[in-house]
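Asks: Questions regarding the structure given below will be posed in turn.
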4 protein chains.
Amino acid sequence: MAGSSFGNIFRMTTWGESHGKGIGVVVDGCPAGILLDEVKVQAYLDRRKPGQTKYSTPRKEDDAVEILSGVFEGRTTGTPVSMVVYNKSQKPKDYSAIAECYRPGHADYTFDQKYGFRDYRGGGRSSGRETIGRVAAGAVAQEALKELGVDVYAYTRSICGINIDESTVLRENIMKSPLYMPDLEASAKAEDALEKRMHEKDSAGGIIECIVKGMPAGAGEPVFEKLDANIAKAVMSIGAVKGIEIGAGFGAAFSSGSANNDSFYNDADRGIIKITNNAGGILGGISDGSDIIVRAAVKPTPSIASLQHTINKTGDNIDIEIKGRHDPVIVPRAVVVVEAMVASVIFDMLMASMFSNIGLIKKFFNM
Amino acid sequence: MAGSSFGNIFRMTTWGESHGKGIGVVVDGCPAGILLDEVKVQAYLDRRKPGQTKYSTPRKEDDAVEILSGVFEGRTTGTPVSMVVYNKSQKPKDYSAIAECYRPGHADYTFDQKYGFRDYRGGGRSSGRETIGRVAAGAVAQEALKELGVDVYAYTRSICGINIDESTVLRENIMKSPLYMPDLEASAKAEDALEKRMHEKDSAGGIIECIVKGMPAGAGEPVFEKLDANIAKAVMSIGAVKGIEIGAGFGAAFSSGSANNDSFYNDADRGIIKITNNAGGILGGISDGSDIIVRAAVKPTPSIASLQHTINKTGDNIDIEIKGRHDPVIVPRAVVVVEAMVASVIFDMLMASMFSNIGLIKKFFNM
Amino acid sequence: MAGSSFGNIFRMTTWGESHGKGIGVVVDGCPAGILLDEVKVQAYLDRRKPGQTKYSTPRKEDDAVEILSGVFEGRTTGTPVSMVVYNKSQKPKDYSAIAECYRPGHADYTFDQKYGFRDYRGGGRSSGRETIGRVAAGAVAQEALKELGVDVYAYTRSICGINIDESTVLRENIMKSPLYMPDLEASAKAEDALEKRMHEKDSAGGIIECIVKGMPAGAGEPVFEKLDANIAKAVMSIGAVKGIEIGAGFGAAFSSGSANNDSFYNDADRGIIKITNNAGGILGGISDGSDIIVRAAVKPTPSIASLQHTINKTGDNIDIEIKGRHDPVIVPRAVVVVEAMVASVIFDMLMASMFSNIGLIKKFFNM
Amino acid sequence: MAGSSFGNIFRMTTWGESHGKGIGVVVDGCPAGILLDEVKVQAYLDRRKPGQTKYSTPRKEDDAVEILSGVFEGRTTGTPVSMVVYNKSQKPKDYSAIAECYRPGHADYTFDQKYGFRDYRGGGRSSGRETIGRVAAGAVAQEALKELGVDVYAYTRSICGINIDESTVLRENIMKSPLYMPDLEASAKAEDALEKRMHEKDSAGGIIECIVKGMPAGAGEPVFEKLDANIAKAVMSIGAVKGIEIGAGFGAAFSSGSANNDSFYNDADRGIIKITNNAGGILGGISDGSDIIVRAAVKPTPSIASLQHTINKTGDNIDIEIKGRHDPVIVPRAVVVVEAMVASVIFDMLMASMFSNIGLIKKFFNM
């Protein structure tokens, strides 16, 4: 069944395999008039490129995006925006050894079960490069949200067991840290921990946090198209994500009503605010006007060089070592992906909230 | 925007407010020939009824389901199955005091922001009674899945900080525990903890776990209609759920590749199995044939009798005490709801997986 | 696959068989604040009831609609509006004779092929009574459109080969004619022609025309969610409809560019108008601000008393006579159904057009 | 709102403007294992190219298709198939004169109303070149349908008032006629009529007919996802189509029940057949096993060289002559487009019909 589209009003459709001709996305339902060009989109894509830390593997991907449609004289036209990144530097021979086996933690086995065979070349559609399309689409959503005063940004909260210290974080530190952690001290510790993991031929996981500021109240469509439900689907669809929480999240399960409830307060200067934000900005599936807080759990990179037990395609039990240098962690590369997916849902649901009341619709049509 | 439908092929559309005439669901895309009747559906609905423990509030809801269409001579006809539970015992006067204020932790504020007003009678569409439709639809999915050898069941894993001991759990204990915990010792401790919370005029949260056994490999549609992504949306859409995880979940964020990867093994008797199941039965968004493991974090009941600070509709800062007896915990009532949502996704995605390969389609049409 | 929902933002989900407990609809995505009550909806439903002319069969259906949710203090709440009409006067024994055969022109055969069996009681889901749900949903759309200054109305253009004379039609005559023809002379001739058909134990078809006035320009989403494409699907989904055209329709196929093109003209008083309207108000799939003109071809009633050849369920070639009084024409009963479907699409696509330009979205959110 | 995707299970998403970098499509939900390559797809695309008759305008479009993903070793992989045709020979200066006016019969005005501006270069997204994506997607559907024994083909039934003679048509003549008419005598007459139209600086419309052979009974999902309803939407979405009918179509409106009903007959050799086929292969919205017959009315080409009255962007009433050579007829170019859209719906609905009965689903999963 078709599974490569996401969104109701603002919809992305991605395509492409890691070793095919290219990877791309068609962004549909994008309102006309948004300032957009390849430079803007490239800035987001560059945040997913490996090779920026000493621990990631330098595969030298160019990943230059090209806009093929939907933009005219620097603005979106309202017609679909098609973007593509042509694959340049993927050498098939890097992966020939794995063609015959099912790597643990990878989708080799499940793709084979599903389709009857798999494109073994480097992970195909389940490869991390598939996120190129998502990030390009998220870039469009982000540029649109800027016009609406909504700000979406993500960062690494935790890697390899090293957590940021919330009392010392600064947003401007995110881009200074090679791991995108807003706490530079924690970032340094995490880099050391990762170096150690790599020497052990192993990998690490982590947690990504995404914040949405300036979100109007009222977005989200009960009971199934709730804002948090759509965010959950969007983020869980990212490869390697195994958990998602909003606000206090799993912490709420161990809390009490009196501690978890966010009290409302009408402040003389700021208007209606909440004293706490355990709800993470979403109540009853609808945005409440405060910051939206989302966290995603990312599992450790499955590709590790140490010895693993698995089976090959003919069913024999074998031992494998996946040669080559491997990124010991996926998390930093996924930060902009989480941001892209959240931004896309936010933009989609913001537009979807424009029909909640007939009075507002009449006003729109000047009735 | 329409937000009350869920599912692609097997789709539920729910309706109804807690103080309206009734609550119901239309189940669409249900294959013909499934054995279904009101007794079968009622069994699932009864598992959400309060009044079964000494700590829940005896509101004496009848909740007798009636099937209005889609069933003929004991089997589904393939046409929509419409089911309704008429509201009998909801007295509007119970809730008059809250009409003018925004209760912390409830959706009063957000519904008001969204629609311009709200149906203050007891929570309306954001009430727990809305789950009646979900559970009735889930019942249909469950009955269908029985025919396909797929078994979905849920239970309480943790309440008020008391966790089950995985080494002693027995599935048959779930229905013996008033909190639906498969570890009776933990259940007794949890009941005590809840009694204490209630005396403190407070509430507790917990974690629900849902298992799917017998799932064929290959279900899930990359990259956005992944099985875990749809499960995440389905479960997160349940009121009071603030987090969801698959398999090792957030634990994977603190693990290592060598520990988290599930090795494949070809067993002489059982065929291809996995030694561990940190993936929770889903790899690359597609079922891998092993048990699917899902966990949902449920926040503490927002309605507590102790003093809370909030604002009223005209913006004044006020203190309130929500009178009346309140369930100190939502978790047990939500167990069958989580089960229903997971079963619906599983059935939907199983059918969606029938087109992965043209060879299988040809076989279906006897080509 | 689920097939009982229609609409993107404003969505109806219908359910019910002619001989089940009832027939209903859930209207989802309805903005809050629309004036709605059972009396308003009943007025639309009454226009589909048989028994109003001397040629239709008096089955004495009550068809009193009941609103079960989604309305509070006379206005829609923004939550799903569930409406039901309980079946009262359908006697199963009326149809027992047909249980074993496949009536020509009816869906008996196809339903059997599809589901493996059929609910033989009077047509089940393929019965004309299924339109109750559509008309109730269309009523909600109509009431909403009134607030937006959009006027949708339909009438019979042609029955049994007798056409209205466009130069003499008056809108107010529609409700004076038992066949809903705005030309009373043609109406009288058509009644005579129908009487003749009935005596011949035969039936007749006709054409329904639907006009939309006051439609703003800009509604419709190229290239697949065009306004005319959605109208076509909506109207073609009505039972007994075999053709649909917009504006000049099939006439355009025999025309010339110079005759068919509608010239634009800027009139001092009325602003931008079109001299002709062969486009029927839709150009490039988008409304152009002039009247939308839709026509549907309705086939003759399949149930006729004269001798027909067919087969029974075991495959024997048989002759049948469908006893009982039969409506010799479906057309008048379908007029309000065509109107309902067109109104629903119009309302849906009007809302969908609110995102075409980021400037308008910014204005909506007061940016 | 997103409007560039079509289909439920088998879904196409098109993008591109006539003067942008290219035009393409992403075909999603395509089962793995279908034989596909650029040569196969090109054959379908070539049937839309102008320059094949003496009356069409030789713009020398190359339109070479390139497959960017979803195919591996000659077969579809089950992942999205992205195809693109890069624009080569569109000279912007051809159209500069029309930038400031609203051409009658074109979507200039409506696009402007909708988006706030339009890409004036040659029609942008409303251009006939948009059909490239549809035809490429239809090619995939056609190749899949071949595997399932379903045959979809279309031809011109009527042009400029000249109709084919059904008693003399031969399918093999379609490709011999430059107008794709299966009656070569009518084709010659039509070419003469077109030559005359062109000398008059005018254009002509026509009717396209599409046949589906070998369709199993049971496809189509009542009541809104009926087979005819989806075909109607698919075909009406094609630019220049103003009407669509199934089987007897508008003719049924003037027929009688006894003449219009198709009798069933159990033939000793051929099994269950219908004596006539006024239903056009669809009853109650579900395929009945006989040929599906669809007809589309195509309006005359709006671009004509003769004098027309219109307005310019600043609202002045002006006269224009659209210079350059214009195709006097759209119909032949649209034949493969109608075929593509019908084939896509057929394939989509065939797969959707696989869940009608739980027994068949059990069989599929070997239960």
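Here's how to read the names in the structure tokens: chain A, B, ... by the order shown, residue numbers from 1 in each chain, ligand numbers from 1 in the order shown.
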Within 10 Å of D:Arg134, counting only C-alpha atoms, which residues qualify if same-chain residues fewer than 4 places away don't, as a PyMOL selection string?

Replies: chain D and resi 6+12-15+24-27+45+129-130+138-139+238+336-341+344

Asks: Stretch 235-367 of chain D: which residues are helix (DSSP H, G or I) by DSSP, as a VMD selection string?

Replies: chain D and resid 235 to 236 249 to 254 257 to 260 331 to 355 358 to 364

Asks: Near A:Val212, within 7 Å and counting only C-alpha atoms, which residues show up once chain neighbours fewer than 3 positions away are dropped, as a list in words?

Replies: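 The neighbour list is Asp151, Val152, Tyr153, Met215, Asp291, Ile292 and Ile293 of chain A.
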
Asks: Those same residues - C-alpha atoms - I'd like them written as a tab-separated table (two decimals), in the first residue's frame.

Replies:
```tsv
chain	number	residue	atom	x	y	z
A	151	ASP	CA	9.78	28.55	15.85
A	152	VAL	CA	10.78	24.87	15.79
A	153	TYR	CA	14.22	23.69	16.85
A	215	MET	CA	2.39	27.98	18.68
A	291	ASP	CA	5.92	25.52	24.33
A	292	ILE	CA	5.46	22.12	22.74
A	293	ILE	CA	8.05	19.66	24.04
```

Asks: Find the residue from A:Ile159, A:Ile361, A:Leu36, A:Val140 that sits nearest to chain B; use only C-alpha atoms when measuring.

Replies: A:Ile159

Asks: Quick one: which residues from chain B are at most 6 Å off chain C, using only C-alpha atoms, as a ChimeraX atom specification?

Replies: /B:1-2,9-10,15-16,20-21,28-29,32,68-69,80,115

Asks: Could those residues be written to a file, using C-alpha atoms, as a JSON list (two decimals), in the first residue's frame?

Replies:
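The resulting file, result.json, is reproduced below:
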```json
[["chain", "number", "residue", "atom", "x", "y", "z"],
["B", 1, "MET", "CA", -10.86, 19.37, 9.91],
["B", 2, "ALA", "CA", -12.31, 15.87, 10.14],
["B", 9, "ILE", "CA", -8.47, -0.07, 4.97],
["B", 10, "PHE", "CA", -10.13, -0.92, 8.29],
["B", 15, "TRP", "CA", -18.87, 10.11, 17.70],
["B", 16, "GLY", "CA", -20.58, 11.22, 20.87],
["B", 20, "GLY", "CA", -25.12, 13.65, 24.76],
["B", 21, "LYS", "CA", -27.65, 11.01, 23.77],
["B", 28, "ASP", "CA", -15.92, 0.61, 7.89],
["B", 29, "GLY", "CA", -13.90, -1.70, 5.65],
["B", 32, "ALA", "CA", -17.65, -9.96, 5.38],
["B", 68, "LEU", "CA", -27.42, -1.07, 14.32],
["B", 69, "SER", "CA", -26.03, -2.32, 11.01],
["B", 80, "PRO", "CA", -20.33, -0.58, 7.83],
["B", 115, "TYR", "CA", -14.05, 25.99, 18.97]]
```

Asks: List every residue of stretch 126-180 of chain B that DSSP, applied to the backbone of this structure, assigns to strand (DSSP E), and report them as a VMD selection string.

Replies: chain B and resid 151 to 159 162 to 163

Asks: Using N, CA and C atoms, can you export the residues from the last selection as a PDB file, in the first residue's frame?

Replies:
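Below is the file that was written, part_30.pdb:
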```pdb
ATOM      1  N   ASP B 151      -2.923 -12.699  18.050  1.00  0.00           N
ATOM      2  CA  ASP B 151      -3.437 -12.542  19.410  1.00  0.00           C
ATOM      3  C   ASP B 151      -2.914 -11.227  20.009  1.00  0.00           C
ATOM      4  N   VAL B 152      -3.812 -10.334  20.389  1.00  0.00           N
ATOM      5  CA  VAL B 152      -3.422  -9.039  20.960  1.00  0.00           C
ATOM      6  C   VAL B 152      -3.962  -8.937  22.381  1.00  0.00           C
ATOM      7  N   TYR B 153      -3.109  -8.666  23.317  1.00  0.00           N
ATOM      8  CA  TYR B 153      -3.605  -8.494  24.690  1.00  0.00           C
ATOM      9  C   TYR B 153      -2.757  -7.467  25.412  1.00  0.00           C
ATOM     10  N   ALA B 154      -3.364  -6.756  26.352  1.00  0.00           N
ATOM     11  CA  ALA B 154      -2.665  -5.714  27.092  1.00  0.00           C
ATOM     12  C   ALA B 154      -2.877  -5.902  28.588  1.00  0.00           C
ATOM     13  N   TYR B 155      -2.037  -5.246  29.356  1.00  0.00           N
ATOM     14  CA  TYR B 155      -2.151  -5.313  30.811  1.00  0.00           C
ATOM     15  C   TYR B 155      -1.428  -4.121  31.407  1.00  0.00           C
ATOM     16  N   THR B 156      -1.618  -3.957  32.704  1.00  0.00           N
ATOM     17  CA  THR B 156      -0.947  -2.877  33.407  1.00  0.00           C
ATOM     18  C   THR B 156       0.436  -3.343  33.821  1.00  0.00           C
ATOM     19  N   ARG B 157       1.431  -2.595  33.458  1.00  0.00           N
ATOM     20  CA  ARG B 157       2.801  -2.954  33.788  1.00  0.00           C
ATOM     21  C   ARG B 157       3.259  -2.240  35.068  1.00  0.00           C
ATOM     22  N   SER B 158       2.679  -1.085  35.303  1.00  0.00           N
ATOM     23  CA  SER B 158       3.157  -0.262  36.415  1.00  0.00           C
ATOM     24  C   SER B 158       2.061   0.727  36.805  1.00  0.00           C
ATOM     25  N   ILE B 159       1.865   0.859  38.126  1.00  0.00           N
ATOM     26  CA  ILE B 159       0.925   1.878  38.623  1.00  0.00           C
ATOM     27  C   ILE B 159       1.520   2.512  39.868  1.00  0.00           C
ATOM     28  N   ILE B 162       4.666   1.237  41.280  1.00  0.00           N
ATOM     29  CA  ILE B 162       4.800  -0.193  41.563  1.00  0.00           C
ATOM     30  C   ILE B 162       4.837  -0.950  40.230  1.00  0.00           C
ATOM     31  N   ASN B 163       5.957  -1.660  39.970  1.00  0.00           N
ATOM     32  CA  ASN B 163       6.084  -2.386  38.706  1.00  0.00           C
ATOM     33  C   ASN B 163       5.858  -3.883  38.868  1.00  0.00           C
TER      34      ASN B 163
END
```

Asks: Skipping near chain neighbours, those fewer than 4 positions away, what residues fall within 7 Å of stretch 198-206 of chain D using only C-alpha atoms, listed as a PyMOL selection string?

Replies: (chain C and resi 252-258) or (chain D and resi 158-160+194+297-301+304-306+328-329+331)

Asks: Hey, can you spit out that residue selection with all heavy atoms as a compact mmCIF listing (two decimals), in the first residue's frame?

Replies:
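The new file out_36.txt reads:
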```txt
# COMPACT_ATOMS: atom_id res chain seq x y z
N ALA C 252 -20.00 20.19 -25.36
CA ALA C 252 -18.73 20.81 -25.73
C ALA C 252 -17.96 19.95 -26.72
O ALA C 252 -17.20 20.45 -27.55
CB ALA C 252 -17.88 21.03 -24.48
N ALA C 253 -18.19 18.64 -26.66
CA ALA C 253 -17.47 17.73 -27.56
C ALA C 253 -17.85 17.99 -29.01
O ALA C 253 -17.11 17.65 -29.92
CB ALA C 253 -17.79 16.28 -27.18
N PHE C 254 -19.00 18.60 -29.20
CA PHE C 254 -19.47 18.84 -30.57
C PHE C 254 -19.43 20.32 -30.92
O PHE C 254 -19.95 20.74 -31.94
CB PHE C 254 -20.89 18.29 -30.73
CG PHE C 254 -20.96 16.80 -30.51
CD1 PHE C 254 -21.23 16.28 -29.25
CD2 PHE C 254 -20.70 15.93 -31.56
CE1 PHE C 254 -21.25 14.90 -29.04
CE2 PHE C 254 -20.72 14.55 -31.36
CZ PHE C 254 -20.99 14.04 -30.10
N SER C 255 -18.79 21.10 -30.08
CA SER C 255 -18.75 22.54 -30.28
C SER C 255 -17.42 22.97 -30.92
O SER C 255 -16.63 22.14 -31.36
CB SER C 255 -18.95 23.22 -28.92
OG SER C 255 -18.98 24.62 -29.06
N SER C 256 -17.18 24.28 -30.95
CA SER C 256 -15.92 24.80 -31.47
C SER C 256 -15.31 25.72 -30.42
O SER C 256 -16.01 26.19 -29.52
CB SER C 256 -16.17 25.62 -32.74
OG SER C 256 -16.92 26.79 -32.42
N GLY C 257 -14.03 25.97 -30.51
CA GLY C 257 -13.36 26.83 -29.54
C GLY C 257 -13.99 28.21 -29.45
O GLY C 257 -14.24 28.72 -28.37
N SER C 258 -14.28 28.79 -30.61
CA SER C 258 -14.85 30.14 -30.61
C SER C 258 -16.21 30.18 -29.94
O SER C 258 -16.57 31.16 -29.31
CB SER C 258 -14.95 30.67 -32.05
OG SER C 258 -15.74 29.79 -32.83
N SER D 158 -15.20 10.11 -31.32
CA SER D 158 -15.85 11.19 -32.07
C SER D 158 -14.95 12.41 -32.06
O SER D 158 -14.36 12.74 -31.02
CB SER D 158 -17.20 11.48 -31.41
OG SER D 158 -17.69 12.74 -31.76
N ILE D 159 -14.83 13.07 -33.18
CA ILE D 159 -14.09 14.34 -33.25
C ILE D 159 -14.82 15.27 -34.20
O ILE D 159 -15.20 14.86 -35.30
CB ILE D 159 -12.64 14.12 -33.76
CG1 ILE D 159 -11.70 13.84 -32.59
CG2 ILE D 159 -12.13 15.36 -34.51
CD1 ILE D 159 -10.25 13.80 -32.98
N CYS D 160 -14.97 16.49 -33.75
CA CYS D 160 -15.54 17.51 -34.63
C CYS D 160 -16.88 17.05 -35.21
O CYS D 160 -17.21 17.34 -36.35
CB CYS D 160 -14.55 17.80 -35.75
SG CYS D 160 -14.71 19.46 -36.49
N LEU D 194 -11.12 18.78 -39.40
CA LEU D 194 -10.17 19.52 -38.58
C LEU D 194 -9.38 20.52 -39.41
O LEU D 194 -9.10 21.63 -38.96
CB LEU D 194 -9.18 18.55 -37.90
CG LEU D 194 -9.75 17.79 -36.70
CD1 LEU D 194 -8.74 16.78 -36.20
CD2 LEU D 194 -10.13 18.77 -35.60
N ALA D 297 -16.02 13.41 -22.40
CA ALA D 297 -16.25 14.50 -23.35
C ALA D 297 -15.13 15.51 -23.21
O ALA D 297 -14.88 16.02 -22.11
CB ALA D 297 -17.60 15.17 -23.05
N VAL D 298 -14.44 15.80 -24.31
CA VAL D 298 -13.31 16.74 -24.30
C VAL D 298 -13.70 18.01 -25.03
O VAL D 298 -14.16 17.95 -26.17
CB VAL D 298 -12.08 16.10 -24.98
CG1 VAL D 298 -10.90 17.07 -24.92
CG2 VAL D 298 -11.73 14.78 -24.32
N LYS D 299 -13.53 19.12 -24.39
CA LYS D 299 -13.94 20.40 -24.98
C LYS D 299 -12.94 20.81 -26.08
O LYS D 299 -11.81 20.30 -26.14
CB LYS D 299 -14.03 21.48 -23.91
CG LYS D 299 -12.69 22.00 -23.42
CD LYS D 299 -12.88 23.11 -22.36
CE LYS D 299 -11.57 23.80 -22.07
NZ LYS D 299 -11.70 24.80 -20.99
N PRO D 300 -13.32 21.77 -26.92
CA PRO D 300 -12.40 22.22 -27.98
C PRO D 300 -11.21 22.95 -27.37
O PRO D 300 -11.32 23.56 -26.31
CB PRO D 300 -13.26 23.20 -28.81
CG PRO D 300 -14.68 22.93 -28.41
CD PRO D 300 -14.63 22.45 -27.01
N THR D 301 -10.08 22.88 -28.03
CA THR D 301 -8.88 23.58 -27.57
C THR D 301 -9.20 25.06 -27.37
O THR D 301 -9.74 25.70 -28.27
CB THR D 301 -7.78 23.49 -28.64
OG1 THR D 301 -7.83 22.21 -29.25
CG2 THR D 301 -6.41 23.73 -28.04
N ILE D 304 -7.09 29.52 -29.66
CA ILE D 304 -7.39 29.67 -31.08
C ILE D 304 -6.86 31.02 -31.55
O ILE D 304 -6.73 31.94 -30.75
CB ILE D 304 -8.92 29.59 -31.36
CG1 ILE D 304 -9.69 30.56 -30.44
CG2 ILE D 304 -9.41 28.17 -31.16
CD1 ILE D 304 -11.20 30.54 -30.64
N ALA D 305 -6.54 31.06 -32.84
CA ALA D 305 -5.90 32.28 -33.37
C ALA D 305 -6.89 33.40 -33.67
O ALA D 305 -6.50 34.56 -33.84
CB ALA D 305 -5.10 31.93 -34.62
N SER D 306 -8.19 33.06 -33.71
CA SER D 306 -9.15 34.10 -34.07
C SER D 306 -9.32 35.12 -32.95
O SER D 306 -8.90 34.90 -31.81
CB SER D 306 -10.50 33.47 -34.45
OG SER D 306 -10.93 32.60 -33.43
N PRO D 328 -5.70 22.18 -33.38
CA PRO D 328 -7.14 22.45 -33.43
C PRO D 328 -7.94 21.47 -32.56
O PRO D 328 -9.15 21.62 -32.41
CB PRO D 328 -7.48 22.26 -34.90
CG PRO D 328 -6.48 21.25 -35.37
CD PRO D 328 -5.23 21.53 -34.61
N VAL D 329 -7.25 20.47 -31.99
CA VAL D 329 -8.00 19.49 -31.18
C VAL D 329 -7.09 18.87 -30.12
O VAL D 329 -5.92 18.60 -30.37
CB VAL D 329 -8.59 18.39 -32.10
CG1 VAL D 329 -7.48 17.51 -32.68
CG2 VAL D 329 -9.59 17.54 -31.34
N VAL D 331 -8.26 16.12 -28.30
CA VAL D 331 -8.69 14.72 -28.13
C VAL D 331 -7.63 13.64 -28.35
O VAL D 331 -7.41 12.81 -27.48
CB VAL D 331 -9.94 14.44 -29.00
CG1 VAL D 331 -10.33 12.97 -28.91
CG2 VAL D 331 -11.10 15.31 -28.56
```

Asks: Just want the 10 Å neighbourhood of A:Ala43, counted on only C-alpha atoms, with same-chain residues fewer than 4 positions away dropped. Output as a PyMOL selection string.

Replies: chain A and resi 38-39+47-48+136+139

Asks: Excluding same-chain residues fewer than 2 positions from A:Leu148, what lies within 8 Å of it counting only C-alpha atoms, as a ChimeraX atom specification?

Replies: /A:144-146,150 /C:362,365,367

Asks: Write the residues of the preceding selection, restricted to C-alpha atoms, as an mmCIF file, in the first residue's frame.

Replies:
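Dumped everything to part_24.cif:
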```
data_model
loop_
_atom_site.group_PDB
_atom_site.id
_atom_site.type_symbol
_atom_site.label_atom_id
_atom_site.label_comp_id
_atom_site.auth_asym_id
_atom_site.auth_seq_id
_atom_site.Cartn_x
_atom_site.Cartn_y
_atom_site.Cartn_z
ATOM 1 C CA ALA A 144 6.435 28.892 6.184
ATOM 2 C CA LEU A 145 6.297 28.753 9.973
ATOM 3 C CA LYS A 146 8.726 31.654 10.188
ATOM 4 C CA VAL A 150 6.283 29.747 15.003
ATOM 5 C CA LYS C 362 -0.854 35.157 8.040
ATOM 6 C CA PHE C 365 -3.540 34.290 12.439
ATOM 7 C CA MET C 367 0.443 38.131 11.818
#
```

Asks: Give me, please, the distance in Å between atom CA of C:Lys189 and atom CA of C:Ser167, quoted to one decimal.

Replies: 17.1 Å

Asks: Would you mind telling me which residue in B:Ile311, B:Ala107, B:Ile164, B:Ile231 lies nearest to B:Ile282 when using only C-alpha atoms?

Replies: B:Ile231

Asks: Counting only C-alpha atoms, what is within 10 Å of D:Thr168, bar same-chain residues fewer than 6 positions away, as number ranges by chain?

Replies: D: 182-185

Asks: Using N, CA and C atoms, can you write the selected residues to a file as a PDB file, in the first residue's frame?

Replies:
```pdb
ATOM      1  N   PRO D 182     -10.712   4.020 -34.326  1.00  0.00           N
ATOM      2  CA  PRO D 182     -10.677   2.638 -34.814  1.00  0.00           C
ATOM      3  C   PRO D 182     -11.486   2.425 -36.092  1.00  0.00           C
ATOM      4  N   ASP D 183     -12.005   3.526 -36.648  1.00  0.00           N
ATOM      5  CA  ASP D 183     -12.761   3.472 -37.902  1.00  0.00           C
ATOM      6  C   ASP D 183     -12.017   4.404 -38.858  1.00  0.00           C
ATOM      7  N   LEU D 184     -11.267   3.810 -39.801  1.00  0.00           N
ATOM      8  CA  LEU D 184     -10.370   4.626 -40.644  1.00  0.00           C
ATOM      9  C   LEU D 184     -11.114   5.573 -41.567  1.00  0.00           C
ATOM     10  N   GLU D 185     -12.330   5.195 -41.956  1.00  0.00           N
ATOM     11  CA  GLU D 185     -13.122   6.077 -42.822  1.00  0.00           C
ATOM     12  C   GLU D 185     -13.508   7.340 -42.042  1.00  0.00           C
TER      13      GLU D 185
END
```

Asks: With distances taken over only C-alpha atoms, which of C:Met354, C:Ile275, C:Ile320, C:Ala296 is nearest to C:Arg103?

Replies: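 Among the listed residues, the smallest separation from C:Arg103 belongs to C:Ile320.
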
Asks: How far is it from atom CA of D:Glu195 to atom CA of D:Glu245, in Å with one decimal?

Replies: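 The value is 28.7 Å.
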
Asks: Expressed in Å to a single decimal, how great is the separation between atom CA of A:Met175 and atom CA of A:Asn277?

Replies: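 Taking atom CA of A:Met175 as the start and atom CA of A:Asn277 as the end point, the length is 25.9 Å.
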
Asks: Taking only C-alpha atoms into account, which of C:Ser237, C:Thr131, C:Ser303, C:Asn278 comes nearest D:Val223?

Replies: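 For D:Val223, the nearest of the candidates is C:Ser237.
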